[in-house]
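Q: Let me give you the structure first, and then I'll get to my questions.
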Amino acid sequence: MRRMKQRSAVLSLITVICAFYLWELVDSGIIGTFALYGIDLLKITNEWYRLITVALIHDNSSTIPIHLAFNMIALHSLGTPIETFLGRAKFLIIFFVSLVGGSIASALYLGNNGYSIGVSGAVFGLFGAWVVIGRKIGAEVKSTLVIIGLNFVLGFTIGGVDWHAHLGGLLAGAAITKVLLSSSRS
C-alpha cells in the first residue's frame, strides 16, 4: 500500500491564512472579530483567542496585498527549512509560541483604541529560530541578523508597523528554539 505524502505545515498555514484574506475581501467585518486589541480590552472581553487569530487577518487597504505577500514569502522562506530541519511538530511549536509571544508583546503596548493584524510576530519568531539553528550548526547568520535589523529600521521609519509584535515574536522564537534544540540532545 502506498502512503500519501503529508502536506507541509508551512503550506497548510499559508493556505489557511490566504483563505482568510479572501474571506476578508468579501467581509471586512472579520477584522473586528479576529484582530488583536490591547491587554486591558482583552482582560475585559476575555477574548484571548485573538492572540492567535491576529495571524489570520492582514491589511486589505491596497489593491495589491503587500502585507500578506511579504508575510507569506517570509513564512515560506524561513518556515520550510526550519520544518525540514526540525520536523513538523517542532516547527509548529516554534510558530505558535512565536505568535503568542508577539501577540502578548503587542497587546501590552496597544492602547484602548488600537488594534494589530498580521502574522509577522510569528514570522519574526522564525527569524529568531533560524539564527539559533544557524549558530547551533555553525552556519553564517550575519546576513539573517542584517535582515532582522533592516526590518526593524523599516518598521520604525514607515509607521503603522507593530514592532512590539516583531520583537516579542523574535525573542519567543529564539527562546523556544533553544529549548527544543537542547531537549533534542537528551
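For the C-alpha cells, the naming scheme is as follows: chains receive sequential letters (A, B, ...) according to their order of presentation, residues are indexed from 1 within each chain, and ligands are indexed from 1 in presentation order.
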Report the residues of stretch 29-98 of chain A whose backbone DSSP state falls under alpha helix (DSSP H), written as number ranges by chain.
A: A: 30-34, 39-45, 50-53, 66-86, 88-98
Q: Restricted to N, CA and C atoms, what would the selected residues look like written as a compact mmCIF listing (two decimals), in the first residue's frame?
A:
# COMPACT_ATOMS: atom_id res chain seq x y z
N ILE A 30 -14.71 40.77 9.49
CA ILE A 30 -13.96 39.77 10.26
C ILE A 30 -12.69 40.35 10.89
N ILE A 31 -12.26 41.52 10.39
CA ILE A 31 -11.11 42.18 11.03
C ILE A 31 -11.45 42.46 12.49
N GLY A 32 -12.63 42.99 12.74
CA GLY A 32 -13.07 43.28 14.11
C GLY A 32 -13.24 42.03 14.95
N THR A 33 -13.51 40.91 14.30
CA THR A 33 -13.71 39.66 15.02
C THR A 33 -12.39 39.00 15.41
N PHE A 34 -11.36 39.15 14.57
CA PHE A 34 -10.12 38.41 14.78
C PHE A 34 -8.89 39.26 15.13
N ILE A 39 -4.19 44.85 25.92
CA ILE A 39 -4.33 43.90 27.02
C ILE A 39 -5.52 44.23 27.93
N ASP A 40 -5.79 45.52 28.15
CA ASP A 40 -6.91 45.89 29.01
C ASP A 40 -8.23 45.43 28.41
N LEU A 41 -8.40 45.61 27.11
CA LEU A 41 -9.62 45.18 26.44
C LEU A 41 -9.71 43.64 26.40
N LEU A 42 -8.59 42.97 26.23
CA LEU A 42 -8.59 41.51 26.26
C LEU A 42 -9.04 41.00 27.63
N LYS A 43 -8.59 41.66 28.69
CA LYS A 43 -8.98 41.26 30.04
C LYS A 43 -10.48 41.46 30.26
N ILE A 44 -11.00 42.58 29.75
CA ILE A 44 -12.42 42.88 29.94
C ILE A 44 -13.30 41.92 29.14
N THR A 45 -12.93 41.69 27.88
CA THR A 45 -13.77 40.87 26.99
C THR A 45 -13.49 39.38 27.12
N ARG A 50 -7.83 35.95 20.38
CA ARG A 50 -7.25 36.96 19.48
C ARG A 50 -5.72 36.91 19.45
N LEU A 51 -5.10 36.33 20.48
CA LEU A 51 -3.65 36.16 20.48
C LEU A 51 -3.21 35.27 19.32
N ILE A 52 -4.11 34.41 18.86
CA ILE A 52 -3.84 33.50 17.73
C ILE A 52 -4.47 34.03 16.43
N THR A 53 -5.72 34.46 16.51
CA THR A 53 -6.44 34.83 15.28
C THR A 53 -5.89 36.08 14.60
N ILE A 66 0.20 43.65 -0.32
CA ILE A 66 1.63 43.70 0.03
C ILE A 66 1.89 43.10 1.40
N HIS A 67 1.08 43.47 2.38
CA HIS A 67 1.25 42.97 3.74
C HIS A 67 1.19 41.44 3.76
N LEU A 68 0.18 40.90 3.14
CA LEU A 68 0.02 39.45 3.07
C LEU A 68 1.17 38.81 2.29
N ALA A 69 1.53 39.38 1.17
CA ALA A 69 2.57 38.80 0.31
C ALA A 69 3.91 38.71 1.02
N PHE A 70 4.33 39.80 1.66
CA PHE A 70 5.61 39.77 2.37
C PHE A 70 5.60 38.74 3.49
N ASN A 71 4.51 38.69 4.23
CA ASN A 71 4.43 37.71 5.32
C ASN A 71 4.44 36.26 4.80
N MET A 72 3.75 36.00 3.70
CA MET A 72 3.70 34.63 3.17
C MET A 72 5.04 34.22 2.56
N ILE A 73 5.70 35.15 1.89
CA ILE A 73 7.04 34.85 1.33
C ILE A 73 8.01 34.54 2.47
N ALA A 74 7.98 35.36 3.52
CA ALA A 74 8.87 35.12 4.66
C ALA A 74 8.52 33.82 5.37
N LEU A 75 7.22 33.57 5.55
CA LEU A 75 6.80 32.32 6.20
C LEU A 75 7.30 31.11 5.41
N HIS A 76 7.18 31.16 4.10
CA HIS A 76 7.64 30.04 3.27
C HIS A 76 9.17 29.94 3.28
N SER A 77 9.85 31.08 3.11
CA SER A 77 11.31 31.08 3.02
C SER A 77 11.98 30.63 4.31
N LEU A 78 11.44 31.01 5.44
CA LEU A 78 12.01 30.62 6.73
C LEU A 78 11.43 29.31 7.24
N GLY A 79 10.13 29.17 7.09
CA GLY A 79 9.45 28.01 7.65
C GLY A 79 9.82 26.68 7.02
N THR A 80 9.99 26.68 5.70
CA THR A 80 10.29 25.42 5.01
C THR A 80 11.60 24.80 5.48
N PRO A 81 12.71 25.53 5.52
CA PRO A 81 13.93 24.89 6.02
C PRO A 81 13.86 24.53 7.51
N ILE A 82 13.16 25.33 8.30
CA ILE A 82 13.04 25.01 9.73
C ILE A 82 12.23 23.73 9.90
N GLU A 83 11.12 23.62 9.17
CA GLU A 83 10.31 22.41 9.25
C GLU A 83 11.09 21.19 8.76
N THR A 84 11.87 21.36 7.71
CA THR A 84 12.68 20.26 7.19
C THR A 84 13.74 19.84 8.22
N PHE A 85 14.36 20.80 8.85
CA PHE A 85 15.45 20.52 9.80
C PHE A 85 14.94 19.93 11.12
N LEU A 86 13.86 20.52 11.66
CA LEU A 86 13.39 20.12 12.99
C LEU A 86 12.16 19.21 12.99
N ARG A 88 7.89 18.63 11.62
CA ARG A 88 6.61 19.34 11.63
C ARG A 88 6.20 19.80 13.04
N ALA A 89 6.27 18.91 14.01
CA ALA A 89 5.81 19.23 15.36
C ALA A 89 6.62 20.37 15.97
N LYS A 90 7.93 20.31 15.88
CA LYS A 90 8.77 21.36 16.46
C LYS A 90 8.59 22.68 15.71
N PHE A 91 8.42 22.60 14.39
CA PHE A 91 8.15 23.83 13.63
C PHE A 91 6.87 24.49 14.13
N LEU A 92 5.82 23.70 14.30
CA LEU A 92 4.54 24.26 14.76
C LEU A 92 4.64 24.82 16.17
N ILE A 93 5.41 24.18 17.03
CA ILE A 93 5.63 24.73 18.37
C ILE A 93 6.30 26.09 18.26
N ILE A 94 7.35 26.18 17.45
CA ILE A 94 8.06 27.46 17.27
C ILE A 94 7.10 28.51 16.71
N PHE A 95 6.33 28.16 15.70
CA PHE A 95 5.42 29.10 15.07
C PHE A 95 4.41 29.65 16.08
N PHE A 96 3.75 28.76 16.82
CA PHE A 96 2.69 29.22 17.72
C PHE A 96 3.23 29.90 18.98
N VAL A 97 4.34 29.45 19.51
CA VAL A 97 4.95 30.16 20.65
C VAL A 97 5.38 31.55 20.21
N SER A 98 5.95 31.67 19.02
CA SER A 98 6.34 32.99 18.48
C SER A 98 5.13 33.88 18.28
Q: For stretch 62-125 of chain A against stretch 161-182 of chain A, with a cut-off of 10 Å and counting only C-alpha atoms, what is the closest atom pair and its distance in Å to one decimal for every residue that makes the cut, ordered by chain and number, as CSV?
A:
residue,atom,partner,partner_atom,distance
A:Leu86,CA,A:Leu181,CA,8.7
A:Lys90,CA,A:Leu180,CA,7.3
A:Phe91,CA,A:Thr177,CA,9.0
A:Ile93,CA,A:Ile176,CA,8.0
A:Ile94,CA,A:Gly173,CA,5.7
A:Phe95,CA,A:Gly173,CA,7.3
A:Phe96,CA,A:Gly173,CA,8.9
A:Val97,CA,A:Ala172,CA,6.4
A:Ser98,CA,A:Gly169,CA,4.4
A:Leu99,CA,A:Gly169,CA,6.0
A:Val100,CA,A:Gly169,CA,7.5
A:Gly101,CA,A:Gly168,CA,5.2
A:Gly102,CA,A:Gly169,CA,4.0
A:Ser103,CA,A:Ala165,CA,5.7
A:Ile104,CA,A:Gly168,CA,7.4
A:Ala105,CA,A:Gly168,CA,5.2
A:Ser106,CA,A:Ala165,CA,4.7
A:Ala107,CA,A:Ala165,CA,8.3
A:Leu108,CA,A:His164,CA,8.7
A:Tyr109,CA,A:His164,CA,7.4
A:Leu110,CA,A:His164,CA,9.1
A:Tyr115,CA,A:Asp162,CA,9.5
A:Ser116,CA,A:Asp162,CA,7.0
A:Ile117,CA,A:Asp162,CA,8.6
A:Gly118,CA,A:Asp162,CA,9.3
A:Val119,CA,A:Ala165,CA,9.1
A:Ser120,CA,A:His166,CA,6.3
A:Gly121,CA,A:Gly169,CA,4.4
A:Ala122,CA,A:Gly169,CA,5.5
A:Val123,CA,A:Gly169,CA,7.4
A:Phe124,CA,A:Leu170,CA,4.7
A:Gly125,CA,A:Gly173,CA,3.8
Q: Pull the strand (DSSP E or B) assignments for chain A out of DSSP run on the backbone, and list those residues as a list in words.
A: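 Residues meeting the strand (DSSP E or B) criterion: Leu36, Tyr37, Tyr115 and Ser116 of chain A.
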Q: May I have the residues from that selection written out with all heavy atoms, as a PDB file, in the first residue's frame?
A:
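Dumped to selection.pdb:
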ATOM      1  N   LEU A  36      -6.221  41.792  17.016  1.00  0.00           N
ATOM      2  CA  LEU A  36      -5.729  41.817  18.391  1.00  0.00           C
ATOM      3  C   LEU A  36      -5.929  43.204  18.986  1.00  0.00           C
ATOM      4  O   LEU A  36      -5.609  44.212  18.349  1.00  0.00           O
ATOM      5  CB  LEU A  36      -4.237  41.458  18.410  1.00  0.00           C
ATOM      6  CG  LEU A  36      -3.553  41.472  19.769  1.00  0.00           C
ATOM      7  CD1 LEU A  36      -4.113  40.382  20.679  1.00  0.00           C
ATOM      8  CD2 LEU A  36      -2.050  41.297  19.596  1.00  0.00           C
ATOM      9  N   TYR A  37      -6.462  43.253  20.198  1.00  0.00           N
ATOM     10  CA  TYR A  37      -6.642  44.507  20.915  1.00  0.00           C
ATOM     11  C   TYR A  37      -5.663  44.582  22.079  1.00  0.00           C
ATOM     12  O   TYR A  37      -4.994  43.601  22.407  1.00  0.00           O
ATOM     13  CB  TYR A  37      -8.074  44.619  21.450  1.00  0.00           C
ATOM     14  CG  TYR A  37      -9.119  44.658  20.366  1.00  0.00           C
ATOM     15  CD1 TYR A  37     -10.237  43.842  20.423  1.00  0.00           C
ATOM     16  CD2 TYR A  37      -8.982  45.505  19.272  1.00  0.00           C
ATOM     17  CE1 TYR A  37     -11.202  43.878  19.427  1.00  0.00           C
ATOM     18  CE2 TYR A  37      -9.941  45.541  18.269  1.00  0.00           C
ATOM     19  CZ  TYR A  37     -11.040  44.731  18.361  1.00  0.00           C
ATOM     20  OH  TYR A  37     -11.985  44.765  17.376  1.00  0.00           O
ATOM     21  N   TYR A 115      -5.454  48.456  17.419  1.00  0.00           N
ATOM     22  CA  TYR A 115      -5.526  47.025  17.172  1.00  0.00           C
ATOM     23  C   TYR A 115      -4.366  46.632  16.276  1.00  0.00           C
ATOM     24  O   TYR A 115      -3.732  47.458  15.645  1.00  0.00           O
ATOM     25  CB  TYR A 115      -6.869  46.611  16.559  1.00  0.00           C
ATOM     26  CG  TYR A 115      -7.112  47.089  15.141  1.00  0.00           C
ATOM     27  CD1 TYR A 115      -6.760  46.293  14.064  1.00  0.00           C
ATOM     28  CD2 TYR A 115      -7.704  48.325  14.890  1.00  0.00           C
ATOM     29  CE1 TYR A 115      -6.981  46.721  12.756  1.00  0.00           C
ATOM     30  CE2 TYR A 115      -7.933  48.753  13.596  1.00  0.00           C
ATOM     31  CZ  TYR A 115      -7.567  47.948  12.532  1.00  0.00           C
ATOM     32  OH  TYR A 115      -7.777  48.371  11.251  1.00  0.00           O
ATOM     33  N   SER A 116      -4.085  45.353  16.252  1.00  0.00           N
ATOM     34  CA  SER A 116      -2.981  44.834  15.450  1.00  0.00           C
ATOM     35  C   SER A 116      -3.485  43.689  14.580  1.00  0.00           C
ATOM     36  O   SER A 116      -4.393  42.952  14.987  1.00  0.00           O
ATOM     37  CB  SER A 116      -1.865  44.340  16.378  1.00  0.00           C
ATOM     38  OG  SER A 116      -0.751  43.903  15.627  1.00  0.00           O
TER      39      SER A 116
END
Q: Any idea what's packed within 12 Å of A:Arg135, counting only C-alpha atoms, ignoring anything in its chain fewer than 3 positions away? Could you give it as a PDB file with N, CA, C and O atoms, in the first residue's frame?
A:
ATOM      1  N   GLY A 128      14.175  34.409  14.507  1.00  0.00           N
ATOM      2  CA  GLY A 128      14.905  34.075  15.730  1.00  0.00           C
ATOM      3  C   GLY A 128      15.305  32.613  15.764  1.00  0.00           C
ATOM      4  O   GLY A 128      16.439  32.267  16.140  1.00  0.00           O
ATOM      5  N   ALA A 129      14.400  31.750  15.348  1.00  0.00           N
ATOM      6  CA  ALA A 129      14.686  30.313  15.298  1.00  0.00           C
ATOM      7  C   ALA A 129      15.819  30.024  14.321  1.00  0.00           C
ATOM      8  O   ALA A 129      16.718  29.214  14.602  1.00  0.00           O
ATOM      9  N   TRP A 130      15.776  30.691  13.177  1.00  0.00           N
ATOM     10  CA  TRP A 130      16.796  30.471  12.140  1.00  0.00           C
ATOM     11  C   TRP A 130      18.184  30.862  12.643  1.00  0.00           C
ATOM     12  O   TRP A 130      19.162  30.181  12.373  1.00  0.00           O
ATOM     13  N   VAL A 131      18.261  31.951  13.387  1.00  0.00           N
ATOM     14  CA  VAL A 131      19.547  32.382  13.950  1.00  0.00           C
ATOM     15  C   VAL A 131      20.045  31.342  14.959  1.00  0.00           C
ATOM     16  O   VAL A 131      21.223  30.954  14.941  1.00  0.00           O
ATOM     17  N   VAL A 132      19.173  30.868  15.831  1.00  0.00           N
ATOM     18  CA  VAL A 132      19.565  29.872  16.837  1.00  0.00           C
ATOM     19  C   VAL A 132      20.017  28.574  16.165  1.00  0.00           C
ATOM     20  O   VAL A 132      21.057  28.001  16.527  1.00  0.00           O
ATOM     21  N   GLY A 138      26.716  25.869  13.149  1.00  0.00           N
ATOM     22  CA  GLY A 138      27.926  26.544  12.685  1.00  0.00           C
ATOM     23  C   GLY A 138      27.764  27.272  11.370  1.00  0.00           C
ATOM     24  O   GLY A 138      28.747  27.540  10.680  1.00  0.00           O
ATOM     25  N   ALA A 139      26.543  27.634  11.022  1.00  0.00           N
ATOM     26  CA  ALA A 139      26.293  28.356   9.771  1.00  0.00           C
ATOM     27  C   ALA A 139      26.497  29.859   9.978  1.00  0.00           C
ATOM     28  O   ALA A 139      26.471  30.365  11.102  1.00  0.00           O
ATOM     29  N   GLU A 140      26.657  30.573   8.897  1.00  0.00           N
ATOM     30  CA  GLU A 140      26.790  32.025   8.916  1.00  0.00           C
ATOM     31  C   GLU A 140      25.407  32.628   9.154  1.00  0.00           C
ATOM     32  O   GLU A 140      24.465  32.314   8.438  1.00  0.00           O
ATOM     33  N   VAL A 141      25.278  33.454  10.180  1.00  0.00           N
ATOM     34  CA  VAL A 141      23.977  34.052  10.486  1.00  0.00           C
ATOM     35  C   VAL A 141      23.978  35.575  10.376  1.00  0.00           C
ATOM     36  O   VAL A 141      22.951  36.202  10.603  1.00  0.00           O
ATOM     37  N   LYS A 142      25.114  36.160   9.999  1.00  0.00           N
ATOM     38  CA  LYS A 142      25.202  37.622   9.913  1.00  0.00           C
ATOM     39  C   LYS A 142      24.181  38.191   8.928  1.00  0.00           C
ATOM     40  O   LYS A 142      23.561  39.224   9.198  1.00  0.00           O
ATOM     41  N   THR A 144      21.277  37.026   8.158  1.00  0.00           N
ATOM     42  CA  THR A 144      19.953  36.982   8.781  1.00  0.00           C
ATOM     43  C   THR A 144      19.810  38.103   9.800  1.00  0.00           C
ATOM     44  O   THR A 144      18.761  38.749   9.872  1.00  0.00           O
ATOM     45  N   LEU A 145      20.857  38.352  10.570  1.00  0.00           N
ATOM     46  CA  LEU A 145      20.823  39.444  11.548  1.00  0.00           C
ATOM     47  C   LEU A 145      20.667  40.794  10.854  1.00  0.00           C
ATOM     48  O   LEU A 145      19.943  41.671  11.345  1.00  0.00           O
ATOM     49  N   ALA A 174      13.327  32.603  19.288  1.00  0.00           N
ATOM     50  CA  ALA A 174      14.702  32.231  19.621  1.00  0.00           C
ATOM     51  C   ALA A 174      14.731  31.399  20.900  1.00  0.00           C
ATOM     52  O   ALA A 174      15.415  30.367  20.972  1.00  0.00           O
ATOM     53  N   THR A 177      13.228  27.842  20.444  1.00  0.00           N
ATOM     54  CA  THR A 177      14.120  27.032  19.602  1.00  0.00           C
ATOM     55  C   THR A 177      15.307  26.542  20.423  1.00  0.00           C
ATOM     56  O   THR A 177      15.704  25.376  20.301  1.00  0.00           O
ATOM     57  N   LYS A 178      15.860  27.402  21.265  1.00  0.00           N
ATOM     58  CA  LYS A 178      16.956  26.972  22.151  1.00  0.00           C
ATOM     59  C   LYS A 178      16.492  25.825  23.035  1.00  0.00           C
ATOM     60  O   LYS A 178      17.208  24.842  23.216  1.00  0.00           O
ATOM     61  N   LEU A 181      16.064  22.636  20.883  1.00  0.00           N
ATOM     62  CA  LEU A 181      17.339  22.065  20.474  1.00  0.00           C
ATOM     63  C   LEU A 181      18.075  21.435  21.648  1.00  0.00           C
ATOM     64  O   LEU A 181      18.729  20.396  21.489  1.00  0.00           O
TER      65      LEU A 181
END
Q: Between A:Leu25, A:Leu126, A:Ile133, A:Leu13, which one has atoms that come closest to A:Ile64, using only C-alpha atoms?
A: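 Using only C-alpha atoms, the shortest distance to A:Ile64 belongs to A:Leu25.
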Q: Check the smallest atom-to-atom distance from each of A:Leu56, A:Gly149, A:Ser143, A:Ser183 to A:Thr15 using only C-alpha atoms, then report the winner.
A: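 Going through A:Leu56, A:Gly149, A:Ser143, A:Ser183 one by one, the smallest distance to A:Thr15 is for A:Leu56.
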Q: Would you compute the distance between atom CA of A:Phe127 and atom CA of A:Ser12? Give it in Å to one decimal.
A: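 For atom CA of A:Phe127 relative to atom CA of A:Ser12, the distance reads 19.3 Å.
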Q: Of the candidates A:Glu24, A:Gly38, A:Trp48, A:Gly114, which shows the shortest atom-to-atom distance to A:Ser61, using only C-alpha atoms?
A: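 Selected residue with least distance to A:Ser61: A:Glu24.
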